[in-house]
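Undergrad: My structure is in upload_24.cif, and what it holds is mmCIF, C-alpha atoms:
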```cif
data_protein
loop_
_atom_site.group_PDB
_atom_site.id
_atom_site.type_symbol
_atom_site.label_atom_id
_atom_site.label_comp_id
_atom_site.auth_asym_id
_atom_site.auth_seq_id
_atom_site.Cartn_x
_atom_site.Cartn_y
_atom_site.Cartn_z
ATOM 1 C CA MET G 1 77.668 -183.675 77.995
ATOM 2 C CA ASN G 2 73.899 -183.292 78.389
ATOM 3 C CA TRP G 3 73.678 -182.774 82.176
ATOM 4 C CA LYS G 4 75.264 -179.832 83.949
ATOM 5 C CA VAL G 5 75.311 -178.605 87.554
ATOM 6 C CA ILE G 6 75.680 -174.953 88.511
ATOM 7 C CA ILE G 7 76.153 -173.865 92.123
ATOM 8 C CA ARG G 8 75.081 -170.285 92.791
ATOM 9 C CA LYS G 9 76.278 -168.529 95.925
ATOM 10 C CA PRO G 10 73.950 -166.124 97.793
ATOM 11 C CA SER G 11 76.175 -163.331 96.416
ATOM 12 C CA GLY G 12 75.157 -164.357 92.873
ATOM 13 C CA VAL G 13 78.544 -165.863 91.934
ATOM 14 C CA LYS G 14 78.073 -169.050 89.897
ATOM 15 C CA TYR G 15 80.343 -172.088 89.669
ATOM 16 C CA ASP G 16 79.916 -174.461 86.752
ATOM 17 C CA PHE G 17 80.601 -177.990 87.949
ATOM 18 C CA GLY G 18 79.725 -179.348 84.522
ATOM 19 C CA SER G 19 79.440 -183.087 84.945
ATOM 20 C CA ARG G 20 81.912 -183.311 87.864
ATOM 21 C CA VAL G 21 79.171 -184.372 90.235
ATOM 22 C CA SER G 22 77.562 -187.794 90.408
ATOM 23 C CA ASN G 23 74.773 -189.789 92.016
ATOM 24 C CA ILE G 24 72.286 -186.978 91.486
ATOM 25 C CA SER G 25 68.838 -187.920 92.731
ATOM 26 C CA TRP G 26 65.661 -186.263 93.892
ATOM 27 C CA THR G 27 62.494 -187.544 95.477
ATOM 28 C CA ASP G 28 59.201 -186.126 96.600
ATOM 29 C CA SER G 29 56.076 -187.405 98.255
ATOM 30 C CA THR G 30 52.647 -186.200 99.259
ATOM 31 C CA ASP G 31 53.820 -186.191 102.897
ATOM 32 C CA GLN G 32 56.305 -183.386 102.399
ATOM 33 C CA LEU G 33 55.896 -179.996 100.810
ATOM 34 C CA GLY G 34 59.062 -180.008 98.716
ATOM 35 C CA ALA G 35 61.345 -182.380 96.873
ATOM 36 C CA GLU G 36 64.593 -183.597 98.444
ATOM 37 C CA PHE G 37 67.765 -183.920 96.361
ATOM 38 C CA SER G 38 71.267 -185.259 96.872
ATOM 39 C CA PHE G 39 74.506 -185.523 94.914
ATOM 40 C CA THR G 40 78.177 -186.341 95.423
ATOM 41 C CA LYS G 41 81.503 -184.878 94.263
ATOM 42 C CA PRO G 42 84.497 -187.138 93.646
ATOM 43 C CA PHE G 43 87.025 -185.122 95.692
ATOM 44 C CA SER G 44 86.809 -183.889 99.259
ATOM 45 C CA LYS G 45 88.236 -180.558 100.373
ATOM 46 C CA TRP G 46 91.290 -182.435 101.717
ATOM 47 C CA ASP G 47 92.185 -184.170 98.429
ATOM 48 C CA GLU G 48 95.075 -182.841 96.338
ATOM 49 C CA ASN G 49 92.789 -182.918 93.266
ATOM 50 C CA TYR G 50 90.218 -180.642 94.900
ATOM 51 C CA ASP G 51 89.562 -177.667 92.636
ATOM 52 C CA GLY G 52 89.055 -175.127 95.437
ATOM 53 C CA ARG G 53 85.408 -174.345 94.861
ATOM 54 C CA LEU G 54 83.615 -174.763 98.153
ATOM 55 C CA ILE G 55 79.933 -175.579 98.268
ATOM 56 C CA ASP G 56 78.182 -174.234 101.357
ATOM 57 C CA CYS G 57 74.809 -174.700 103.004
ATOM 58 C CA GLY G 58 72.466 -172.091 101.562
ATOM 59 C CA ASP G 59 73.956 -172.274 98.062
ATOM 60 C CA LEU G 60 71.552 -172.843 95.204
ATOM 61 C CA PHE G 61 71.864 -176.133 93.262
ATOM 62 C CA LEU G 62 70.812 -175.797 89.609
ATOM 63 C CA LEU G 63 70.528 -178.903 87.421
ATOM 64 C CA TYR G 64 70.336 -178.444 83.643
ATOM 65 C CA TYR G 65 69.616 -180.911 80.873
ATOM 66 C CA LYS G 66 71.160 -179.397 77.775
ATOM 67 C CA SER G 67 70.058 -175.762 78.230
ATOM 68 C CA ASP G 68 66.852 -176.459 80.184
ATOM 69 C CA LEU G 69 66.708 -175.973 83.957
ATOM 70 C CA VAL G 70 65.087 -179.157 85.284
ATOM 71 C CA PHE G 71 65.603 -178.771 89.041
ATOM 72 C CA GLN G 72 66.733 -176.176 91.545
ATOM 73 C CA GLY G 73 67.105 -176.396 95.272
ATOM 74 C CA VAL G 74 68.880 -175.117 98.366
ATOM 75 C CA ILE G 75 71.769 -177.094 99.850
ATOM 76 C CA THR G 76 70.967 -177.742 103.512
ATOM 77 C CA GLU G 77 73.369 -180.542 104.497
ATOM 78 C CA ILE G 78 77.019 -181.343 103.682
ATOM 79 C CA SER G 79 79.036 -184.353 104.820
ATOM 80 C CA LEU G 80 82.105 -183.732 106.954
ATOM 81 C CA ASN G 81 84.528 -184.552 104.133
ATOM 82 C CA GLY G 82 82.646 -182.310 101.691
ATOM 83 C CA THR G 83 81.754 -184.966 99.113
ATOM 84 C CA GLU G 84 78.044 -185.594 99.847
ATOM 85 C CA PHE G 85 75.357 -182.934 99.601
ATOM 86 C CA ARG G 86 71.634 -182.889 100.380
ATOM 87 C CA GLY G 87 68.930 -180.264 100.189
ATOM 88 C CA TYR G 88 65.408 -179.348 99.173
ATOM 89 C CA ASP G 89 63.686 -177.526 96.356
ATOM 90 C CA LEU G 90 62.562 -173.948 96.953
ATOM 91 C CA ALA G 91 59.347 -175.087 98.641
ATOM 92 C CA TRP G 92 61.691 -175.790 101.579
ATOM 93 C CA TYR G 93 61.410 -172.108 102.485
ATOM 94 C CA LEU G 94 57.630 -172.480 102.827
ATOM 95 C CA ASN G 95 58.222 -175.428 105.164
ATOM 96 C CA GLN G 96 60.405 -173.184 107.346
ATOM 97 C CA SER G 97 57.583 -170.657 107.744
ATOM 98 C CA GLU G 98 55.410 -170.663 110.838
ATOM 99 C CA THR G 99 52.620 -168.804 109.053
ATOM 100 C CA ILE G 100 49.142 -170.209 109.605
ATOM 101 C CA ILE G 101 46.384 -169.374 107.170
ATOM 102 C CA GLN G 102 42.916 -170.843 107.372
ATOM 103 C CA PHE G 103 40.777 -170.938 104.259
ATOM 104 C CA LYS G 104 37.021 -171.366 104.223
ATOM 105 C CA ASN G 105 34.727 -171.818 101.229
ATOM 106 C CA ILE G 106 37.535 -171.402 98.703
ATOM 107 C CA ARG G 107 38.788 -173.769 96.032
ATOM 108 C CA ALA G 108 42.140 -175.447 96.752
ATOM 109 C CA ASP G 109 43.861 -173.927 93.700
ATOM 110 C CA LYS G 110 42.852 -170.403 94.796
ATOM 111 C CA ALA G 111 44.082 -171.082 98.347
ATOM 112 C CA ILE G 112 47.421 -172.298 97.007
ATOM 113 C CA LYS G 113 47.757 -169.184 94.814
ATOM 114 C CA GLN G 114 46.998 -166.916 97.792
ATOM 115 C CA LEU G 115 49.624 -168.667 99.899
ATOM 116 C CA LEU G 116 52.279 -168.519 97.204
ATOM 117 C CA ASN G 117 51.521 -164.857 96.464
ATOM 118 C CA LYS G 118 51.949 -164.023 100.159
ATOM 119 C CA PHE G 119 55.542 -165.294 99.965
ATOM 120 C CA GLU G 120 56.130 -163.892 96.447
ATOM 121 C CA VAL G 121 56.687 -167.360 95.007
ATOM 122 C CA PRO G 122 56.384 -167.357 91.210
ATOM 123 C CA ILE G 123 53.401 -169.395 90.024
ATOM 124 C CA GLY G 124 53.256 -171.216 86.724
ATOM 125 C CA SER G 125 49.890 -172.856 86.415
ATOM 126 C CA ILE G 126 47.773 -174.732 88.923
ATOM 127 C CA ALA G 127 44.995 -177.042 87.805
ATOM 128 C CA PRO G 128 41.548 -176.173 89.174
ATOM 129 C CA MET G 129 40.773 -178.196 92.316
#
```
How does this structure look as structure tokens?

TA:
Amino acid sequence: MNWKVIIRKPSGVKYDFGSRVSNISWTDSTDQLGAEFSFTKPFSKWDENYDGRLIDCGDLFLLYYKSDLVFQGVITEISLNGTEFRGYDLAWYLNQSETIIQFKNIRADKAIKQLLNKFEVPIGSIAPM
């Protein structure tokens, strides 16, 4: 089993769904700030085989390949039967902000770093622009 999904509640409690989720996908584009993801679970909360672990909006979705974290995002949408889930990577929080910052005579990479620092978003590396 190379792929594994962990759901982390806002309280910090983690549920290991292992490979019991399917149809995992994520997309991004230059038109949106963050990446969108979706996945499904085989059993709804009304099935007798349901294991009792509820996934809620606001939970963190963590996708691992072997031991490497390859994607993380916030669940923002759940189907009525509880089998289909959709959300966005952590840049979604920046999209929710109504902050307006105007930059003048500054390189794009420095502007991006200033914006991310304002919201205490960890920064890896940004290519000079």

Undergrad: What does the PyMOL selection byres ((chain G and resi 108-118) around 12) select in this file, as a list of chain:residue names?

TA: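 When the PyMOL selection byres ((chain G and resi 108-118) around 12) is applied, the selected residues are G:Leu90, G:Ala91, G:Tyr93, G:Leu94, G:Ser97, G:Thr99, G:Ile100, G:Ile101, G:Gln102, G:Phe103, G:Lys104, G:Asn105, G:Ile106, G:Arg107, G:Phe119, G:Glu120, G:Val121, G:Pro122, G:Ile123, G:Gly124, G:Ser125, G:Ile126, G:Ala127, G:Pro128, G:Met129.
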
Undergrad: From the options G:Gly87, G:Gly82, G:Pro42, G:Pro10, which residue's atoms come nearest to Asp59 (chain G), counting all atoms listed in the file?

TA: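 Ranking G:Gly87, G:Gly82, G:Pro42, G:Pro10 by distance to Asp59 (chain G), first place goes to G:Pro10.
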
Undergrad: Taking into account only C-alpha atoms, which residue in the set G:Gln96, G:Asn2, G:Ser11, G:Ser67 is nearest to Gly34 (chain G)?

TA: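 Checking each of G:Gln96, G:Asn2, G:Ser11, G:Ser67 against Gly34 (chain G), counting only C-alpha atoms, the winner is G:Gln96.
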
Undergrad: Within 12 Å of (68.6, -176.6, 104.0) in the file's own coordinates, which protein, DNA or RNA residues have an atom, counting all atoms listed in the file? List them as a list in words.

TA: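 Final list of nearby residues, as requested, is Gly34, Ala35, Glu36, Phe37, Ser38, Asp56, Cys57, Gly58, Asp59, Leu60, Phe61, Gly73, Val74, Ile75, Thr76, Glu77, Ile78, Phe85, Arg86, Gly87, Tyr88, Asp89, Leu90, Ala91, Trp92, Tyr93, Leu94, Asn95 and Gln96 of chain G.
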
Undergrad: Write a file of the selected residues as a short mmCIF file (atom, residue, chain, number, x, y, z; two decimals), in the coordinates of the input, keeping C-alpha atoms.

TA:
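Generated output (selection.cif):
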```cif
data_model
loop_
_atom_site.label_atom_id
_atom_site.label_comp_id
_atom_site.auth_asym_id
_atom_site.auth_seq_id
_atom_site.Cartn_x
_atom_site.Cartn_y
_atom_site.Cartn_z
CA GLY G 34 59.06 -180.01 98.72
CA ALA G 35 61.34 -182.38 96.87
CA GLU G 36 64.59 -183.60 98.44
CA PHE G 37 67.76 -183.92 96.36
CA SER G 38 71.27 -185.26 96.87
CA ASP G 56 78.18 -174.23 101.36
CA CYS G 57 74.81 -174.70 103.00
CA GLY G 58 72.47 -172.09 101.56
CA ASP G 59 73.96 -172.27 98.06
CA LEU G 60 71.55 -172.84 95.20
CA PHE G 61 71.86 -176.13 93.26
CA GLY G 73 67.10 -176.40 95.27
CA VAL G 74 68.88 -175.12 98.37
CA ILE G 75 71.77 -177.09 99.85
CA THR G 76 70.97 -177.74 103.51
CA GLU G 77 73.37 -180.54 104.50
CA ILE G 78 77.02 -181.34 103.68
CA PHE G 85 75.36 -182.93 99.60
CA ARG G 86 71.63 -182.89 100.38
CA GLY G 87 68.93 -180.26 100.19
CA TYR G 88 65.41 -179.35 99.17
CA ASP G 89 63.69 -177.53 96.36
CA LEU G 90 62.56 -173.95 96.95
CA ALA G 91 59.35 -175.09 98.64
CA TRP G 92 61.69 -175.79 101.58
CA TYR G 93 61.41 -172.11 102.48
CA LEU G 94 57.63 -172.48 102.83
CA ASN G 95 58.22 -175.43 105.16
CA GLN G 96 60.40 -173.18 107.35
#
```

Undergrad: Pick from G:Lys4, G:Lys9, G:Ser79, G:Asp28: nearest to Lys45 (chain G), with all atoms listed in the file counted?

TA: G:Ser79

Undergrad: For Asn81 (chain G), which of G:Ile55, G:Val13, G:Leu62, G:Ile24 is the closest residue, counting all atoms listed in the file?

TA: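 Among the listed residues, G:Ile55 lies closest to Asn81 (chain G).
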
Undergrad: What does the distance from CA of Lys41 (chain G) to CA of Leu80 (chain G) come to in Å, to one decimal?

TA: 12.8 Å

Undergrad: Quick one: distance from CA of Leu63 (chain G) to CA of Trp3 (chain G) in Å, one decimal?

TA: 7.2 Å

Undergrad: As an exercise, work out the distance from CA of Phe71 (chain G) to CA of Thr27 (chain G) in Å and give it to one decimal place.

TA: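 For CA of Phe71 (chain G) relative to CA of Thr27 (chain G), the distance reads 11.3 Å.
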
Undergrad: So which residues are close to (77.3, -174.2, 86.4), meaning at most 10 Å away in the file's coordinates with only C-alpha atoms counted, and can you show them as a ChimeraX atom specification?

TA: /G:4-8,14-19,61-64
